[in-house]
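These notes are about the structure you will find just below.
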Amino acid sequence: MGKIQFSLEGKIAIVTGSSRGIGKAIAIAFADAGADVVVASRTISDLEKTADEIHSKGRRALVVRTDISRQQDIENLIETTVNEFGSIDILVNNAAQLILMLPSMLRDEGWDKMINTNLRSCFISSREASKFMIKNRKGSIINIGSVAGTMAVPYESAYAVSKAGLIHLTKVMAGELSHYNVRVNSIEVGMVKTKMTEAVWSNPQVAKIFEQGIPMHRIAEPEEIAAVALFLASDAASYVTGASICVDGGASLAGFNPDIQGMTLPEKYRIHKESSE
Amino acid sequence: MIMDIFNLKDKVAIVTGAGRGIGKTIALGLAEAEATVIVVSRTKEQIEETAAAIAEIGGKSLAITADVRSKEKVEYLVDLTINNFGKIDILVNNAGGMFSVKTMQMSENQWDVIISENLKSVFLCSQAVGKIMMEQRSGSIINIASIVGIVAQPLNAAYAASKAGVINLTKTMAVDLAPYGIRVNGIAPGLIITPGTEWLYKNPESMSRAIPLARGGRPEDIIGGVIYLASDASRYVTGETIVIDGGLLIKPPINQ
């Protein structure tokens, strides 16, 4: 397609949380677009499946067992990537965890876990990867955020705060690293069909309630997030930095539309009893 | 192959303000992605040049002279497109204009001119094309807004307000049209150097200092975002305005 460069030919990418879901879809899309991909998560056996698919696209894959809540694991991931593949062009901070709990009932440990796993880890991996990107005078860091980071979604409390922090981490790092031609952007995802949201989409009744709250009336497939990650990773986005792109089927637009207000969680997440009960 | 999701083969796209600057580049970019492009502006010579440039790269286009501030002309544009191609898959609302005037000295007419060029035109085109897309049960509308629709721009109050209006029209029409499989999104460019804005950006050095990615934008910088939003690659994205500004919005105006 001539001047429009969505290709990742010859680039080295790291994707965290790539054993399944959004991370796996991104890793495979990147390989399809020509990148060699380092896949990282806690579960080696699942990562190897992702690696097999990358190989089947004719690209190199490197499996690095990584628990992103552990600093030395992240440092090892970056180091191993540079030792084995020689460089890092793209870092996708995708791994995350979710605890559903009202903030007033959340324990200290839950708060710490959310902030550590979803925010601190992204800071550390970006800091470590950017050392090489600064040297190369190029790079693209992509943080996978959530619409929970822009709206006060009930029960998502600390998760939402970690994701809001990620949006701002994106901006402050973009401001600093732009000087070295390193771009930092985030993707705010709505509801995507992954393990994290299984409780919703695996139950048709619950799924229907959530779908009604989304203007597009459906839950996203992981591949739909991979496409925007590919755009941001590629030279087609060479003038995009500090941006936040929302991929949510319009869910965060709803504003004051009574038809799409209201959120009913499955019984097991309901803590406050309705007053009529 | 993943690249195929960005392809616009067999799609029919309308680009307003396609005679020059960003609009001309968008028209060429869409043609390069294999869309058939309807190039629209008030100035016949300019859109004929754009059409010729599209023909040169082996693309297909039709030049239609129309003033998108007029409901009647917009309906003519839509009819002519449907008569020729039978459908409209993509609408890029790019036409617009600006001039600088102190807010407290702006005349009523000056306000009306800017609002009509930048905001009313987007409404008129989106409504007319939206009706076709509702019948088709598919379509992608892309509004070219501006970062000035998000932050203040002294001397351009009406322009800034019109672009803020475009950003919200994008959101509201996205909710309106989602049930019909139509997506409505926007792009907010930063400082883009075009023949029409060259007079504004005469000092590239100060621009490099002000913009985190250390350069003024080029019309080409916008195309990737337009193709992403026009194509199936963004099929779950609606109501969103993507900022393409080299990081300008994230940097406070200090040390310049």
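Going through the structure tokens in order, the chains are called A, B, and so on, while each chain numbers its residues from 1 and the ligands are numbered from 1 in the order shown.
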Distance query Glu223 (chain A) at most 10 Å, only C-alpha atoms, self and fewer than 5 positions along chain excluded, as a PyMOL selection string: (chain A and resi 21-26+28-29+192-193+228-229) or (chain B and resi 2+233)
Set the cut-off to 7 Å and count only C-alpha atoms: what are the residues of chain B that reach chain A? Output as a PyMOL selection string. chain B and resi 1-3+32-33+171+175+178-179+212-213+221+224+233-234+236-240+242-247+250-251
Find the spatial neighbours of Leu119 (chain A), counting only C-alpha atoms, within a cut-off of 12 Å - ignore same-chain residues fewer than 5 positions away - and output them as a PyMOL selection string. chain A and resi 68-69+93-97+111-114+124-126+143-145+149+158-170
Hey, what does DSSP flag as strand (DSSP E or B) within region 2-197 of chain A? Can you give it to me as a ChimeraX atom specification? /A:12-16,36-41,61-65,90-93,139-146,182-189,192
How would the residues just chosen look if you wrote them out with C-alpha atoms as a PDB file, in the first residue's frame?
```
ATOM      1  CA  ILE A  12      11.454  -6.822  17.512  1.00  0.00           C
ATOM      2  CA  ALA A  13       8.392  -6.711  19.781  1.00  0.00           C
ATOM      3  CA  ILE A  14       7.750  -7.739  23.386  1.00  0.00           C
ATOM      4  CA  VAL A  15       4.159  -8.524  24.354  1.00  0.00           C
ATOM      5  CA  THR A  16       3.418  -9.229  28.018  1.00  0.00           C
ATOM      6  CA  ASP A  36       9.799 -11.175  15.648  1.00  0.00           C
ATOM      7  CA  VAL A  37       7.964 -11.462  18.951  1.00  0.00           C
ATOM      8  CA  VAL A  38       9.020 -12.095  22.530  1.00  0.00           C
ATOM      9  CA  VAL A  39       6.125 -13.625  24.428  1.00  0.00           C
ATOM     10  CA  ALA A  40       5.961 -13.286  28.191  1.00  0.00           C
ATOM     11  CA  SER A  41       3.648 -14.523  30.913  1.00  0.00           C
ATOM     12  CA  ALA A  61       9.521 -16.212  18.755  1.00  0.00           C
ATOM     13  CA  LEU A  62      11.173 -16.132  22.159  1.00  0.00           C
ATOM     14  CA  VAL A  63       9.433 -17.486  25.252  1.00  0.00           C
ATOM     15  CA  VAL A  64      10.373 -15.780  28.516  1.00  0.00           C
ATOM     16  CA  ARG A  65       8.589 -16.840  31.680  1.00  0.00           C
ATOM     17  CA  ILE A  90       8.050  -2.330  20.345  1.00  0.00           C
ATOM     18  CA  LEU A  91       6.897  -2.993  23.911  1.00  0.00           C
ATOM     19  CA  VAL A  92       3.273  -3.871  24.588  1.00  0.00           C
ATOM     20  CA  ASN A  93       2.371  -3.711  28.275  1.00  0.00           C
ATOM     21  CA  GLY A 139      10.659   2.811  19.570  1.00  0.00           C
ATOM     22  CA  SER A 140       6.980   2.394  20.290  1.00  0.00           C
ATOM     23  CA  ILE A 141       5.535   1.584  23.710  1.00  0.00           C
ATOM     24  CA  ILE A 142       1.881   0.589  23.858  1.00  0.00           C
ATOM     25  CA  ASN A 143       0.015   0.352  27.149  1.00  0.00           C
ATOM     26  CA  ILE A 144      -3.184  -1.657  27.214  1.00  0.00           C
ATOM     27  CA  GLY A 145      -5.540   0.326  29.409  1.00  0.00           C
ATOM     28  CA  SER A 146      -9.237   0.109  30.012  1.00  0.00           C
ATOM     29  CA  VAL A 182      10.243   6.955  21.162  1.00  0.00           C
ATOM     30  CA  ARG A 183       6.446   7.041  21.062  1.00  0.00           C
ATOM     31  CA  VAL A 184       4.215   6.014  23.977  1.00  0.00           C
ATOM     32  CA  ASN A 185       0.471   5.500  23.530  1.00  0.00           C
ATOM     33  CA  SER A 186      -2.344   3.694  25.251  1.00  0.00           C
ATOM     34  CA  ILE A 187      -5.403   1.748  24.163  1.00  0.00           C
ATOM     35  CA  GLU A 188      -8.483   1.935  26.369  1.00  0.00           C
ATOM     36  CA  VAL A 189     -10.370  -1.284  25.825  1.00  0.00           C
ATOM     37  CA  VAL A 192     -13.338  -7.952  25.325  1.00  0.00           C
TER      38      VAL A 192
END
```
Which residues are close to Ile182 (chain B), i.e. within 9 Å by only C-alpha atoms, leaving aside same-chain residues fewer than 3 positions away? Reply as a PyMOL selection string. chain B and resi 130+133-134+137-141+174+177-179+238
Between CA of Ser19 (chain A) and CA of Ser45 (chain A) - distance in Å to one decimal: 8.4 Å
If we count only C-alpha atoms, what is near region 158-165 of chain B at a cut-off of 10 Å, once residues fewer than 2 positions away on the same chain are taken out, given as a PyMOL selection string? chain B and resi 96-101+103+106+110-120+122+143-156+167-171+188
Next, dump the selected residues to file, keeping only C-alpha atoms, as a tab-separated table (two decimals), in the first residue's frame.
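To be explicit, this is the file written out as again_22.tsv:
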```
chain	number	residue	atom	x	y	z
B	96	GLY	CA	-13.24	23.66	6.98
B	97	GLY	CA	-11.59	26.99	7.39
B	98	MET	CA	-10.26	29.50	9.87
B	99	PHE	CA	-9.15	33.06	10.29
B	100	SER	CA	-7.78	34.88	13.32
B	101	VAL	CA	-9.70	37.60	15.09
B	103	THR	CA	-12.86	37.18	20.37
B	106	MET	CA	-15.49	39.15	16.26
B	110	GLN	CA	-17.57	36.05	11.28
B	111	TRP	CA	-18.86	33.67	13.98
B	112	ASP	CA	-21.55	32.31	11.67
B	113	VAL	CA	-19.12	31.79	8.79
B	114	ILE	CA	-16.74	29.69	10.87
B	115	ILE	CA	-19.46	27.65	12.59
B	116	SER	CA	-21.12	26.98	9.28
B	117	GLU	CA	-17.87	25.96	7.50
B	118	ASN	CA	-16.59	23.70	10.25
B	119	LEU	CA	-19.59	22.39	12.17
B	120	LYS	CA	-22.79	22.78	10.17
B	122	VAL	CA	-20.20	18.14	9.19
B	143	ASN	CA	-14.60	13.85	11.11
B	144	ILE	CA	-11.41	15.85	10.92
B	145	ALA	CA	-11.49	17.92	14.11
B	146	SER	CA	-8.48	19.61	15.71
B	147	ILE	CA	-6.60	19.62	19.01
B	148	VAL	CA	-8.00	23.13	19.26
B	149	GLY	CA	-11.35	21.45	19.90
B	150	ILE	CA	-9.80	20.15	23.12
B	151	VAL	CA	-7.61	23.06	24.29
B	152	ALA	CA	-8.09	26.82	23.97
B	153	GLN	CA	-6.79	28.79	21.03
B	154	PRO	CA	-6.83	32.55	21.50
B	155	LEU	CA	-7.71	34.49	18.32
B	156	ASN	CA	-9.69	31.50	17.08
B	167	ILE	CA	-15.81	16.20	18.65
B	168	ASN	CA	-19.13	15.96	20.46
B	169	LEU	CA	-21.16	15.57	17.27
B	170	THR	CA	-18.89	12.59	16.62
B	171	LYS	CA	-19.82	11.05	19.98
B	188	ALA	CA	-7.77	15.71	15.96
```
For region 218-220 of chain B, list every protein, DNA or RNA residue within 7 Å, evaluated using only C-alpha atoms, and leave out those in the same chain fewer than 2 positions away; present the list as a list in words. Gly21, Ile22, Thr25, Ile192, Ile193, Thr194, Gly216, Ile222 and Ile223 of chain B
Keeping only N, CA and C atoms, write the selected residues to a file as a PDB file, in the first residue's frame.
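Contents of result-v3.pdb, freshly written:
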```
ATOM      1  N   GLY B  21      -4.269  20.524   0.704  1.00  0.00           N
ATOM      2  CA  GLY B  21      -3.918  20.271   2.107  1.00  0.00           C
ATOM      3  C   GLY B  21      -4.222  18.864   2.583  1.00  0.00           C
ATOM      4  N   ILE B  22      -4.711  18.783   3.819  1.00  0.00           N
ATOM      5  CA  ILE B  22      -4.962  17.483   4.446  1.00  0.00           C
ATOM      6  C   ILE B  22      -5.967  16.672   3.626  1.00  0.00           C
ATOM      7  N   THR B  25      -4.471  15.011   0.602  1.00  0.00           N
ATOM      8  CA  THR B  25      -3.619  13.890   1.013  1.00  0.00           C
ATOM      9  C   THR B  25      -4.463  12.699   1.459  1.00  0.00           C
ATOM     10  N   ILE B 192      -0.453  21.091  11.505  1.00  0.00           N
ATOM     11  CA  ILE B 192      -0.105  20.429  10.246  1.00  0.00           C
ATOM     12  C   ILE B 192       0.248  21.506   9.216  1.00  0.00           C
ATOM     13  N   ILE B 193       1.417  21.382   8.640  1.00  0.00           N
ATOM     14  CA  ILE B 193       1.857  22.382   7.667  1.00  0.00           C
ATOM     15  C   ILE B 193       1.313  22.015   6.285  1.00  0.00           C
ATOM     16  N   THR B 194       0.446  22.871   5.762  1.00  0.00           N
ATOM     17  CA  THR B 194      -0.142  22.660   4.441  1.00  0.00           C
ATOM     18  C   THR B 194      -0.021  23.989   3.689  1.00  0.00           C
ATOM     19  N   GLY B 216       6.877  19.940  12.951  1.00  0.00           N
ATOM     20  CA  GLY B 216       5.505  20.222  12.572  1.00  0.00           C
ATOM     21  C   GLY B 216       4.928  19.008  11.867  1.00  0.00           C
ATOM     22  N   ILE B 222      -1.512  12.098   8.898  1.00  0.00           N
ATOM     23  CA  ILE B 222      -2.914  11.859   9.254  1.00  0.00           C
ATOM     24  C   ILE B 222      -3.461  10.596   8.590  1.00  0.00           C
ATOM     25  N   ILE B 223      -2.841  10.205   7.474  1.00  0.00           N
ATOM     26  CA  ILE B 223      -3.436   9.126   6.651  1.00  0.00           C
ATOM     27  C   ILE B 223      -3.567   7.796   7.384  1.00  0.00           C
TER      28      ILE B 223
END
```
Just the number, please: distance in Å from CA of Gln46 (chain B) to CA of Ile14 (chain B), one decimal.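 A separation of 15.6 Å between them.
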Point-to-point distance from CA of Ile64 (chain B) to CA of Asn93 (chain B), Å rounded to tenths: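 Between these atoms lies a distance of 14.6 Å.
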As an mmCIF file with N, CA and C atoms, in the first residue's frame, please: the residues near Ile90 (chain B) (cut-off 12 Å, only C-alpha atoms, same-chain neighbours under 4 positions excluded).
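Printed below is part.cif as written:
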```cif
data_model
loop_
_atom_site.group_PDB
_atom_site.id
_atom_site.type_symbol
_atom_site.label_atom_id
_atom_site.label_comp_id
_atom_site.auth_asym_id
_atom_site.auth_seq_id
_atom_site.Cartn_x
_atom_site.Cartn_y
_atom_site.Cartn_z
ATOM 1 N N LEU B 8 -9.037 -1.110 1.497
ATOM 2 C CA LEU B 8 -10.350 -0.500 1.253
ATOM 3 C C LEU B 8 -10.876 -0.841 -0.138
ATOM 4 N N LYS B 9 -10.437 -1.977 -0.660
ATOM 5 C CA LYS B 9 -10.876 -2.416 -1.977
ATOM 6 C C LYS B 9 -12.409 -2.486 -2.032
ATOM 7 N N ASP B 10 -12.970 -2.024 -3.119
ATOM 8 C CA ASP B 10 -14.423 -2.035 -3.364
ATOM 9 C C ASP B 10 -15.207 -1.058 -2.483
ATOM 10 N N LYS B 11 -14.509 -0.217 -1.709
ATOM 11 C CA LYS B 11 -15.208 0.764 -0.877
ATOM 12 C C LYS B 11 -15.315 2.089 -1.628
ATOM 13 N N VAL B 12 -16.428 2.790 -1.376
ATOM 14 C CA VAL B 12 -16.639 4.106 -1.977
ATOM 15 C C VAL B 12 -16.530 5.160 -0.867
ATOM 16 N N ALA B 13 -15.636 6.119 -1.055
ATOM 17 C CA ALA B 13 -15.374 7.124 -0.019
ATOM 18 C C ALA B 13 -15.595 8.537 -0.544
ATOM 19 N N ILE B 14 -16.234 9.362 0.273
ATOM 20 C CA ILE B 14 -16.360 10.784 -0.047
ATOM 21 C C ILE B 14 -15.383 11.549 0.851
ATOM 22 N N VAL B 15 -14.602 12.442 0.258
ATOM 23 C CA VAL B 15 -13.719 13.303 1.053
ATOM 24 C C VAL B 15 -14.048 14.754 0.729
ATOM 25 N N THR B 16 -14.491 15.507 1.741
ATOM 26 C CA THR B 16 -14.794 16.923 1.500
ATOM 27 C C THR B 16 -13.532 17.753 1.737
ATOM 28 N N ILE B 26 -5.555 12.970 2.173
ATOM 29 C CA ILE B 26 -6.449 11.882 2.606
ATOM 30 C C ILE B 26 -7.046 11.190 1.380
ATOM 31 N N ALA B 27 -7.502 11.985 0.404
ATOM 32 C CA ALA B 27 -8.092 11.417 -0.814
ATOM 33 C C ALA B 27 -7.093 10.495 -1.507
ATOM 34 N N LEU B 30 -6.562 7.259 0.625
ATOM 35 C CA LEU B 30 -7.668 6.303 0.503
ATOM 36 C C LEU B 30 -7.609 5.603 -0.856
ATOM 37 N N ALA B 35 -9.588 2.419 -2.357
ATOM 38 C CA ALA B 35 -10.978 2.887 -2.360
ATOM 39 C C ALA B 35 -11.228 3.727 -3.618
ATOM 40 N N THR B 36 -12.512 3.792 -4.023
ATOM 41 C CA THR B 36 -12.923 4.759 -5.041
ATOM 42 C C THR B 36 -13.250 6.045 -4.300
ATOM 43 N N VAL B 37 -12.662 7.157 -4.726
ATOM 44 C CA VAL B 37 -12.763 8.376 -3.927
ATOM 45 C C VAL B 37 -13.536 9.484 -4.652
ATOM 46 N N ILE B 38 -14.564 9.987 -3.976
ATOM 47 C CA ILE B 38 -15.289 11.146 -4.488
ATOM 48 C C ILE B 38 -14.611 12.377 -3.889
ATOM 49 N N THR B 81 -23.280 10.734 -6.142
ATOM 50 C CA THR B 81 -22.417 9.615 -5.741
ATOM 51 C C THR B 81 -23.184 8.293 -5.875
ATOM 52 N N CYS B 125 -23.483 16.899 6.006
ATOM 53 C CA CYS B 125 -22.950 15.752 5.248
ATOM 54 C C CYS B 125 -23.224 14.443 5.983
ATOM 55 N N SER B 126 -23.030 14.439 7.321
ATOM 56 C CA SER B 126 -23.219 13.201 8.085
ATOM 57 C C SER B 126 -24.684 12.777 8.061
ATOM 58 N N VAL B 129 -25.454 11.568 4.276
ATOM 59 C CA VAL B 129 -24.773 10.296 3.998
ATOM 60 C C VAL B 129 -25.240 9.230 4.996
ATOM 61 N N GLY B 130 -25.486 9.658 6.251
ATOM 62 C CA GLY B 130 -25.956 8.732 7.282
ATOM 63 C C GLY B 130 -27.236 8.022 6.863
ATOM 64 N N ILE B 132 -28.158 7.207 3.859
ATOM 65 C CA ILE B 132 -27.781 6.144 2.909
ATOM 66 C C ILE B 132 -27.175 4.965 3.670
ATOM 67 N N MET B 133 -26.269 5.300 4.609
ATOM 68 C CA MET B 133 -25.587 4.242 5.367
ATOM 69 C C MET B 133 -26.571 3.451 6.231
ATOM 70 N N GLN B 136 -27.966 0.901 4.115
ATOM 71 C CA GLN B 136 -26.940 -0.119 3.841
ATOM 72 C C GLN B 136 -26.649 -0.989 5.055
ATOM 73 N N SER B 138 -24.337 -0.207 7.114
ATOM 74 C CA SER B 138 -22.886 -0.176 7.294
ATOM 75 C C SER B 138 -22.358 1.187 6.883
ATOM 76 N N GLY B 139 -21.197 1.523 7.402
ATOM 77 C CA GLY B 139 -20.561 2.769 7.002
ATOM 78 C C GLY B 139 -19.613 3.281 8.064
ATOM 79 N N SER B 140 -18.673 4.106 7.630
ATOM 80 C CA SER B 140 -17.732 4.715 8.568
ATOM 81 C C SER B 140 -17.625 6.197 8.247
ATOM 82 N N ILE B 141 -17.947 7.025 9.250
ATOM 83 C CA ILE B 141 -17.849 8.479 9.083
ATOM 84 C C ILE B 141 -16.648 8.951 9.885
ATOM 85 N N ILE B 142 -15.811 9.758 9.269
ATOM 86 C CA ILE B 142 -14.597 10.240 9.941
ATOM 87 C C ILE B 142 -14.588 11.768 9.882
ATOM 88 N N ASN B 143 -14.589 12.390 11.047
ATOM 89 C CA ASN B 143 -14.599 13.847 11.113
ATOM 90 C C ASN B 143 -13.208 14.370 11.449
ATOM 91 N N ILE B 182 -23.181 1.617 11.807
ATOM 92 C CA ILE B 182 -22.393 2.746 11.282
ATOM 93 C C ILE B 182 -21.490 3.264 12.399
ATOM 94 N N ARG B 183 -20.233 3.453 12.079
ATOM 95 C CA ARG B 183 -19.305 3.992 13.061
ATOM 96 C C ARG B 183 -19.000 5.461 12.750
ATOM 97 N N VAL B 184 -18.880 6.275 13.800
ATOM 98 C CA VAL B 184 -18.560 7.695 13.610
ATOM 99 C C VAL B 184 -17.361 8.018 14.503
ATOM 100 N N ASN B 185 -16.270 8.425 13.906
ATOM 101 C CA ASN B 185 -15.053 8.717 14.663
ATOM 102 C C ASN B 185 -14.409 9.990 14.147
ATOM 103 N N VAL B 226 -6.629 7.787 9.375
ATOM 104 C CA VAL B 226 -7.837 7.789 8.548
ATOM 105 C C VAL B 226 -8.091 6.384 7.996
ATOM 106 N N ILE B 227 -7.042 5.745 7.511
ATOM 107 C CA ILE B 227 -7.223 4.394 6.950
ATOM 108 C C ILE B 227 -7.621 3.417 8.047
ATOM 109 N N TYR B 228 -7.006 3.558 9.227
ATOM 110 C CA TYR B 228 -7.395 2.690 10.348
ATOM 111 C C TYR B 228 -8.890 2.853 10.645
ATOM 112 N N LEU B 229 -9.339 4.102 10.736
ATOM 113 C CA LEU B 229 -10.751 4.336 11.084
ATOM 114 C C LEU B 229 -11.704 3.984 9.944
ATOM 115 N N ALA B 230 -11.250 4.110 8.707
ATOM 116 C CA ALA B 230 -12.110 3.807 7.560
ATOM 117 C C ALA B 230 -12.264 2.303 7.364
ATOM 118 N N SER B 231 -11.257 1.552 7.782
ATOM 119 C CA SER B 231 -11.207 0.125 7.446
ATOM 120 C C SER B 231 -11.816 -0.751 8.527
ATOM 121 N N ASP B 232 -11.893 -2.032 8.224
ATOM 122 C CA ASP B 232 -12.415 -3.014 9.179
ATOM 123 C C ASP B 232 -11.504 -3.170 10.388
#
```
If DSSP is run on the backbone, what residues of region 53-263 of chain A are alpha helix (DSSP H)? A reply as a PyMOL selection string would be ideal. chain A and resi 53-56+71-85+108-115+121-136+157-177+198-201+204-212+222-233
